[in-house]
>>> print(open('target.cif').read())   # mmCIF, C-alpha atoms
data_structure
loop_
_atom_site.label_atom_id
_atom_site.label_comp_id
_atom_site.auth_asym_id
_atom_site.auth_seq_id
_atom_site.Cartn_x
_atom_site.Cartn_y
_atom_site.Cartn_z
CA MET A 1367 81.01 -77.17 68.32
CA THR A 1368 77.34 -78.02 68.82
CA MET A 1369 77.72 -81.07 66.57
CA VAL A 1370 80.39 -82.55 68.86
CA GLY A 1371 78.16 -82.02 71.90
CA GLU A 1372 75.21 -83.61 70.14
CA ASN A 1373 77.30 -86.60 69.05
CA THR A 1374 78.64 -87.05 72.58
CA GLY A 1375 75.15 -86.75 74.04
CA THR A 1376 73.75 -89.20 71.52
CA TYR A 1377 76.59 -91.64 72.21
CA MET A 1378 76.09 -91.40 75.97
CA LEU A 1379 72.34 -91.85 75.62
CA SER A 1380 72.89 -94.86 73.40
CA LYS A 1381 75.25 -96.44 75.93
CA GLU A 1382 72.83 -95.77 78.79
CA LEU A 1383 70.04 -97.37 76.78
CA ASP A 1384 72.24 -100.43 76.15
CA ILE A 1385 72.92 -100.70 79.89
CA LEU A 1386 69.23 -100.40 80.74
CA MET A 1387 68.24 -103.02 78.17
CA ALA A 1388 70.85 -105.45 79.51
CA GLU A 1389 69.58 -104.84 83.05
CA ARG A 1390 65.99 -105.40 81.91
CA LYS A 1391 67.03 -108.71 80.38
CA ARG A 1392 68.64 -109.84 83.64
CA LEU A 1393 65.64 -108.69 85.69
CA LEU A 1394 63.24 -110.52 83.38
CA THR A 1395 65.26 -113.69 83.89
CA VAL A 1396 65.07 -113.25 87.67
CA ALA A 1397 61.34 -112.55 87.50
CA GLY A 1398 60.77 -115.54 85.23
CA ALA A 1399 62.67 -117.88 87.51
CA ALA A 1400 60.76 -116.50 90.51
CA ALA A 1401 57.44 -116.98 88.72
CA GLN A 1402 58.33 -120.55 87.82
CA PHE A 1403 59.44 -121.22 91.39
CA VAL A 1404 56.21 -119.80 92.80
CA ALA A 1405 54.15 -121.86 90.36
CA LEU A 1406 55.88 -125.10 91.35
CA MET A 1407 56.49 -124.60 95.07
CA GLU A 1408 54.47 -126.37 97.69
CA SER A 1409 53.97 -123.64 100.25
CA ARG A 1410 52.94 -126.11 102.95
CA ALA A 1411 56.23 -127.97 102.53
CA LEU A 1412 58.39 -124.87 103.04
CA PRO A 1413 60.05 -124.33 106.40
CA GLN A 1414 58.28 -121.72 108.52
CA SER A 1415 61.50 -119.69 108.56
CA VAL A 1416 61.04 -118.80 104.87
CA ALA A 1417 57.25 -118.60 104.74
CA THR A 1418 57.15 -114.80 104.90
CA GLU A 1419 59.70 -114.41 102.10
CA ALA A 1420 57.91 -117.01 99.97
CA GLU A 1421 54.62 -115.17 100.44
CA LEU A 1422 56.25 -111.86 99.54
CA LEU A 1423 57.77 -113.44 96.43
CA ALA A 1424 54.42 -114.91 95.39
CA GLU A 1425 52.63 -111.59 95.92
CA SER A 1426 55.31 -109.73 93.96
CA VAL A 1427 55.10 -112.14 91.03
CA ASN A 1428 51.30 -111.99 91.05
CA ALA A 1429 51.44 -108.16 90.99
CA LEU A 1430 53.43 -108.08 87.74
CA PRO A 1431 51.57 -106.87 84.65
CA GLU A 1432 50.58 -109.76 82.41
CA ASP A 1433 52.83 -108.70 79.52
CA THR A 1434 55.85 -108.38 81.83
CA LEU A 1435 55.19 -111.81 83.30
CA ARG A 1436 54.86 -113.25 79.80
CA ASP A 1437 58.20 -111.68 78.81
CA ALA A 1438 59.79 -112.97 82.03
CA LEU A 1439 58.64 -116.53 81.45
CA ALA A 1440 59.77 -116.35 77.82
CA SER A 1441 63.14 -115.14 79.05
CA ILE A 1442 63.78 -118.27 81.12
CA THR A 1443 62.53 -120.48 78.30
CA ARG A 1444 65.12 -118.89 76.00
CA SER A 1445 67.81 -119.23 78.69
CA ARG A 1446 67.12 -122.96 78.96
CA GLN A 1447 67.26 -123.40 75.20
CA GLU A 1448 70.58 -121.54 75.01
CA ALA A 1449 72.16 -123.54 77.84
CA PRO A 1450 74.68 -126.21 76.78
#
>>> encode(input="target.cif", output="structure tokens")
Amino acid sequence: MTMVGENTGTYMLSKELDILMAERKRLLTVAGAAAQFVALMESRALPQSVATEAELLAESVNALPEDTLRDALASITRSRQEAP
């Protein structure tokens, strides 16, 4: 009976890991797009109504660890290459 429980637990853990990896991929794409946006935006040209959000976005991107930012930018590069 223990074997069945272990197999079920292993299966559930595997599925949860798959879900987390898919979510990480989506979040890296969002972070990469945000980083690219921040790098290209002209903050002086933005309407004042979005200045606070733009600053928050820039600060959040700048606070990312270097390896995460690298993965995020690579993620959007791959997305562009895969696009039709």
>>> residues_around(input="target.cif", residues="segment 1433-1446 of chain A", least_positions_apart="4", cutoff="12 Å", atoms="all atoms listed in the file", output="PyMOL selection string")
chain A and resi 1390-1403+1405+1426-1429+1450
>>> atom_distance(input="target.cif", atom1="atom CA of Glu1408 of chain A", atom2="atom CA of Glu1432 of chain A")
22.9 Å
>>> atom_distance(input="target.cif", atom1="atom CA of Lys1381 of chain A", atom2="atom CA of Leu1430 of chain A")
27.4 Å
>>> axis_aligned_box(input="target.cif", around="segment 1413-1416 of chain A", padding_each_side="5 Å", output="lines of an AutoDock Vina configuration file")
center_x = 59.9
center_y = -121.6
center_z = 106.7
size_x = 13.2
size_y = 15.5
size_z = 13.7
>>> decode(input="target.cif", residues="segment 1395-1439 of chain A", atoms="N, CA and C atoms", output="PDB file, in the first residue's frame")
ATOM      1  N   THR A1395       8.945  35.708 -19.355  1.00  0.00           N
ATOM      2  CA  THR A1395       8.563  36.444 -20.556  1.00  0.00           C
ATOM      3  C   THR A1395       8.037  37.832 -20.191  1.00  0.00           C
ATOM      4  N   VAL A1396       7.218  37.895 -19.153  1.00  0.00           N
ATOM      5  CA  VAL A1396       6.698  39.191 -18.689  1.00  0.00           C
ATOM      6  C   VAL A1396       7.849  40.074 -18.217  1.00  0.00           C
ATOM      7  N   ALA A1397       8.741  39.509 -17.433  1.00  0.00           N
ATOM      8  CA  ALA A1397       9.879  40.283 -16.921  1.00  0.00           C
ATOM      9  C   ALA A1397      10.792  40.733 -18.053  1.00  0.00           C
ATOM     10  N   GLY A1398      10.997  39.883 -19.032  1.00  0.00           N
ATOM     11  CA  GLY A1398      11.832  40.255 -20.172  1.00  0.00           C
ATOM     12  C   GLY A1398      11.219  41.374 -20.981  1.00  0.00           C
ATOM     13  N   ALA A1399       9.922  41.287 -21.223  1.00  0.00           N
ATOM     14  CA  ALA A1399       9.238  42.350 -21.965  1.00  0.00           C
ATOM     15  C   ALA A1399       9.279  43.661 -21.181  1.00  0.00           C
ATOM     16  N   ALA A1400       9.092  43.565 -19.860  1.00  0.00           N
ATOM     17  CA  ALA A1400       9.155  44.762 -19.016  1.00  0.00           C
ATOM     18  C   ALA A1400      10.556  45.369 -19.035  1.00  0.00           C
ATOM     19  N   ALA A1401      11.562  44.535 -18.973  1.00  0.00           N
ATOM     20  CA  ALA A1401      12.943  45.025 -19.006  1.00  0.00           C
ATOM     21  C   ALA A1401      13.247  45.713 -20.331  1.00  0.00           C
ATOM     22  N   GLN A1402      12.790  45.127 -21.413  1.00  0.00           N
ATOM     23  CA  GLN A1402      13.006  45.720 -22.731  1.00  0.00           C
ATOM     24  C   GLN A1402      12.260  47.048 -22.839  1.00  0.00           C
ATOM     25  N   PHE A1403      11.034  47.085 -22.333  1.00  0.00           N
ATOM     26  CA  PHE A1403      10.248  48.312 -22.333  1.00  0.00           C
ATOM     27  C   PHE A1403      10.952  49.416 -21.547  1.00  0.00           C
ATOM     28  N   VAL A1404      11.420  49.070 -20.352  1.00  0.00           N
ATOM     29  CA  VAL A1404      12.112  50.047 -19.507  1.00  0.00           C
ATOM     30  C   VAL A1404      13.377  50.555 -20.203  1.00  0.00           C
ATOM     31  N   ALA A1405      14.087  49.658 -20.856  1.00  0.00           N
ATOM     32  CA  ALA A1405      15.332  50.054 -21.527  1.00  0.00           C
ATOM     33  C   ALA A1405      15.066  51.014 -22.682  1.00  0.00           C
ATOM     34  N   LEU A1406      13.929  50.874 -23.344  1.00  0.00           N
ATOM     35  CA  LEU A1406      13.644  51.679 -24.530  1.00  0.00           C
ATOM     36  C   LEU A1406      12.762  52.893 -24.269  1.00  0.00           C
ATOM     37  N   MET A1407      12.089  52.931 -23.132  1.00  0.00           N
ATOM     38  CA  MET A1407      11.131  54.018 -22.895  1.00  0.00           C
ATOM     39  C   MET A1407      11.831  55.339 -22.645  1.00  0.00           C
ATOM     40  N   GLU A1408      11.181  56.373 -23.068  1.00  0.00           N
ATOM     41  CA  GLU A1408      11.628  57.738 -22.783  1.00  0.00           C
ATOM     42  C   GLU A1408      10.756  58.245 -21.654  1.00  0.00           C
ATOM     43  N   SER A1409      11.270  58.220 -20.446  1.00  0.00           N
ATOM     44  CA  SER A1409      10.446  58.553 -19.284  1.00  0.00           C
ATOM     45  C   SER A1409       9.889  59.968 -19.357  1.00  0.00           C
ATOM     46  N   ARG A1410      10.623  60.881 -19.964  1.00  0.00           N
ATOM     47  CA  ARG A1410      10.139  62.265 -20.068  1.00  0.00           C
ATOM     48  C   ARG A1410       8.955  62.376 -21.025  1.00  0.00           C
ATOM     49  N   ALA A1411       8.829  61.418 -21.942  1.00  0.00           N
ATOM     50  CA  ALA A1411       7.745  61.471 -22.923  1.00  0.00           C
ATOM     51  C   ALA A1411       6.470  60.799 -22.428  1.00  0.00           C
ATOM     52  N   LEU A1412       6.546  60.107 -21.298  1.00  0.00           N
ATOM     53  CA  LEU A1412       5.364  59.429 -20.757  1.00  0.00           C
ATOM     54  C   LEU A1412       4.404  60.437 -20.136  1.00  0.00           C
ATOM     55  N   PRO A1413       3.116  60.171 -20.257  1.00  0.00           N
ATOM     56  CA  PRO A1413       2.145  61.038 -19.570  1.00  0.00           C
ATOM     57  C   PRO A1413       2.347  60.972 -18.062  1.00  0.00           C
ATOM     58  N   GLN A1414       2.113  62.056 -17.395  1.00  0.00           N
ATOM     59  CA  GLN A1414       2.283  62.113 -15.936  1.00  0.00           C
ATOM     60  C   GLN A1414       1.404  61.083 -15.238  1.00  0.00           C
ATOM     61  N   SER A1415       0.282  60.735 -15.848  1.00  0.00           N
ATOM     62  CA  SER A1415      -0.653  59.798 -15.222  1.00  0.00           C
ATOM     63  C   SER A1415      -0.083  58.391 -15.071  1.00  0.00           C
ATOM     64  N   VAL A1416       0.974  58.066 -15.803  1.00  0.00           N
ATOM     65  CA  VAL A1416       1.589  56.734 -15.691  1.00  0.00           C
ATOM     66  C   VAL A1416       3.017  56.788 -15.164  1.00  0.00           C
ATOM     67  N   ALA A1417       3.461  57.957 -14.771  1.00  0.00           N
ATOM     68  CA  ALA A1417       4.847  58.124 -14.319  1.00  0.00           C
ATOM     69  C   ALA A1417       5.161  57.267 -13.092  1.00  0.00           C
ATOM     70  N   THR A1418       4.252  57.206 -12.140  1.00  0.00           N
ATOM     71  CA  THR A1418       4.488  56.422 -10.933  1.00  0.00           C
ATOM     72  C   THR A1418       4.618  54.942 -11.257  1.00  0.00           C
ATOM     73  N   GLU A1419       3.725  54.436 -12.111  1.00  0.00           N
ATOM     74  CA  GLU A1419       3.773  53.026 -12.490  1.00  0.00           C
ATOM     75  C   GLU A1419       5.033  52.717 -13.292  1.00  0.00           C
ATOM     76  N   ALA A1420       5.429  53.635 -14.167  1.00  0.00           N
ATOM     77  CA  ALA A1420       6.646  53.434 -14.954  1.00  0.00           C
ATOM     78  C   ALA A1420       7.874  53.389 -14.046  1.00  0.00           C
ATOM     79  N   GLU A1421       7.887  54.255 -13.044  1.00  0.00           N
ATOM     80  CA  GLU A1421       9.006  54.262 -12.100  1.00  0.00           C
ATOM     81  C   GLU A1421       9.039  52.976 -11.286  1.00  0.00           C
ATOM     82  N   LEU A1422       7.876  52.518 -10.852  1.00  0.00           N
ATOM     83  CA  LEU A1422       7.793  51.262 -10.109  1.00  0.00           C
ATOM     84  C   LEU A1422       8.264  50.092 -10.970  1.00  0.00           C
ATOM     85  N   LEU A1423       7.857  50.084 -12.220  1.00  0.00           N
ATOM     86  CA  LEU A1423       8.287  49.030 -13.147  1.00  0.00           C
ATOM     87  C   LEU A1423       9.803  49.057 -13.322  1.00  0.00           C
ATOM     88  N   ALA A1424      10.357  50.237 -13.530  1.00  0.00           N
ATOM     89  CA  ALA A1424      11.806  50.361 -13.708  1.00  0.00           C
ATOM     90  C   ALA A1424      12.563  49.906 -12.463  1.00  0.00           C
ATOM     91  N   GLU A1425      12.079  50.302 -11.292  1.00  0.00           N
ATOM     92  CA  GLU A1425      12.734  49.886 -10.051  1.00  0.00           C
ATOM     93  C   GLU A1425      12.650  48.375  -9.855  1.00  0.00           C
ATOM     94  N   SER A1426      11.502  47.802 -10.207  1.00  0.00           N
ATOM     95  CA  SER A1426      11.325  46.349 -10.057  1.00  0.00           C
ATOM     96  C   SER A1426      12.254  45.580 -10.985  1.00  0.00           C
ATOM     97  N   VAL A1427      12.364  46.041 -12.219  1.00  0.00           N
ATOM     98  CA  VAL A1427      13.260  45.393 -13.179  1.00  0.00           C
ATOM     99  C   VAL A1427      14.709  45.522 -12.708  1.00  0.00           C
ATOM    100  N   ASN A1428      15.078  46.699 -12.245  1.00  0.00           N
ATOM    101  CA  ASN A1428      16.449  46.920 -11.788  1.00  0.00           C
ATOM    102  C   ASN A1428      16.790  46.115 -10.541  1.00  0.00           C
ATOM    103  N   ALA A1429      15.774  45.709  -9.775  1.00  0.00           N
ATOM    104  CA  ALA A1429      16.011  44.935  -8.544  1.00  0.00           C
ATOM    105  C   ALA A1429      16.169  43.440  -8.813  1.00  0.00           C
ATOM    106  N   LEU A1430      15.894  43.009 -10.040  1.00  0.00           N
ATOM    107  CA  LEU A1430      16.026  41.582 -10.353  1.00  0.00           C
ATOM    108  C   LEU A1430      17.486  41.149 -10.284  1.00  0.00           C
ATOM    109  N   PRO A1431      17.732  39.935  -9.803  1.00  0.00           N
ATOM    110  CA  PRO A1431      19.105  39.411  -9.856  1.00  0.00           C
ATOM    111  C   PRO A1431      19.566  39.318 -11.321  1.00  0.00           C
ATOM    112  N   GLU A1432      20.838  39.494 -11.523  1.00  0.00           N
ATOM    113  CA  GLU A1432      21.390  39.532 -12.877  1.00  0.00           C
ATOM    114  C   GLU A1432      21.057  38.266 -13.681  1.00  0.00           C
ATOM    115  N   ASP A1433      21.170  37.101 -13.059  1.00  0.00           N
ATOM    116  CA  ASP A1433      20.903  35.867 -13.791  1.00  0.00           C
ATOM    117  C   ASP A1433      19.428  35.744 -14.172  1.00  0.00           C
ATOM    118  N   THR A1434      18.533  36.230 -13.310  1.00  0.00           N
ATOM    119  CA  THR A1434      17.105  36.207 -13.635  1.00  0.00           C
ATOM    120  C   THR A1434      16.819  37.157 -14.786  1.00  0.00           C
ATOM    121  N   LEU A1435      17.406  38.326 -14.751  1.00  0.00           N
ATOM    122  CA  LEU A1435      17.219  39.290 -15.833  1.00  0.00           C
ATOM    123  C   LEU A1435      17.761  38.739 -17.151  1.00  0.00           C
ATOM    124  N   ARG A1436      18.890  38.080 -17.090  1.00  0.00           N
ATOM    125  CA  ARG A1436      19.466  37.465 -18.291  1.00  0.00           C
ATOM    126  C   ARG A1436      18.511  36.397 -18.860  1.00  0.00           C
ATOM    127  N   ASP A1437      17.976  35.551 -17.975  1.00  0.00           N
ATOM    128  CA  ASP A1437      17.012  34.536 -18.409  1.00  0.00           C
ATOM    129  C   ASP A1437      15.751  35.180 -18.991  1.00  0.00           C
ATOM    130  N   ALA A1438      15.302  36.276 -18.366  1.00  0.00           N
ATOM    131  CA  ALA A1438      14.096  36.960 -18.835  1.00  0.00           C
ATOM    132  C   ALA A1438      14.305  37.544 -20.227  1.00  0.00           C
ATOM    133  N   LEU A1439      15.431  38.184 -20.443  1.00  0.00           N
ATOM    134  CA  LEU A1439      15.708  38.750 -21.762  1.00  0.00           C
ATOM    135  C   LEU A1439      15.888  37.653 -22.805  1.00  0.00           C
TER     136      LEU A1439
END
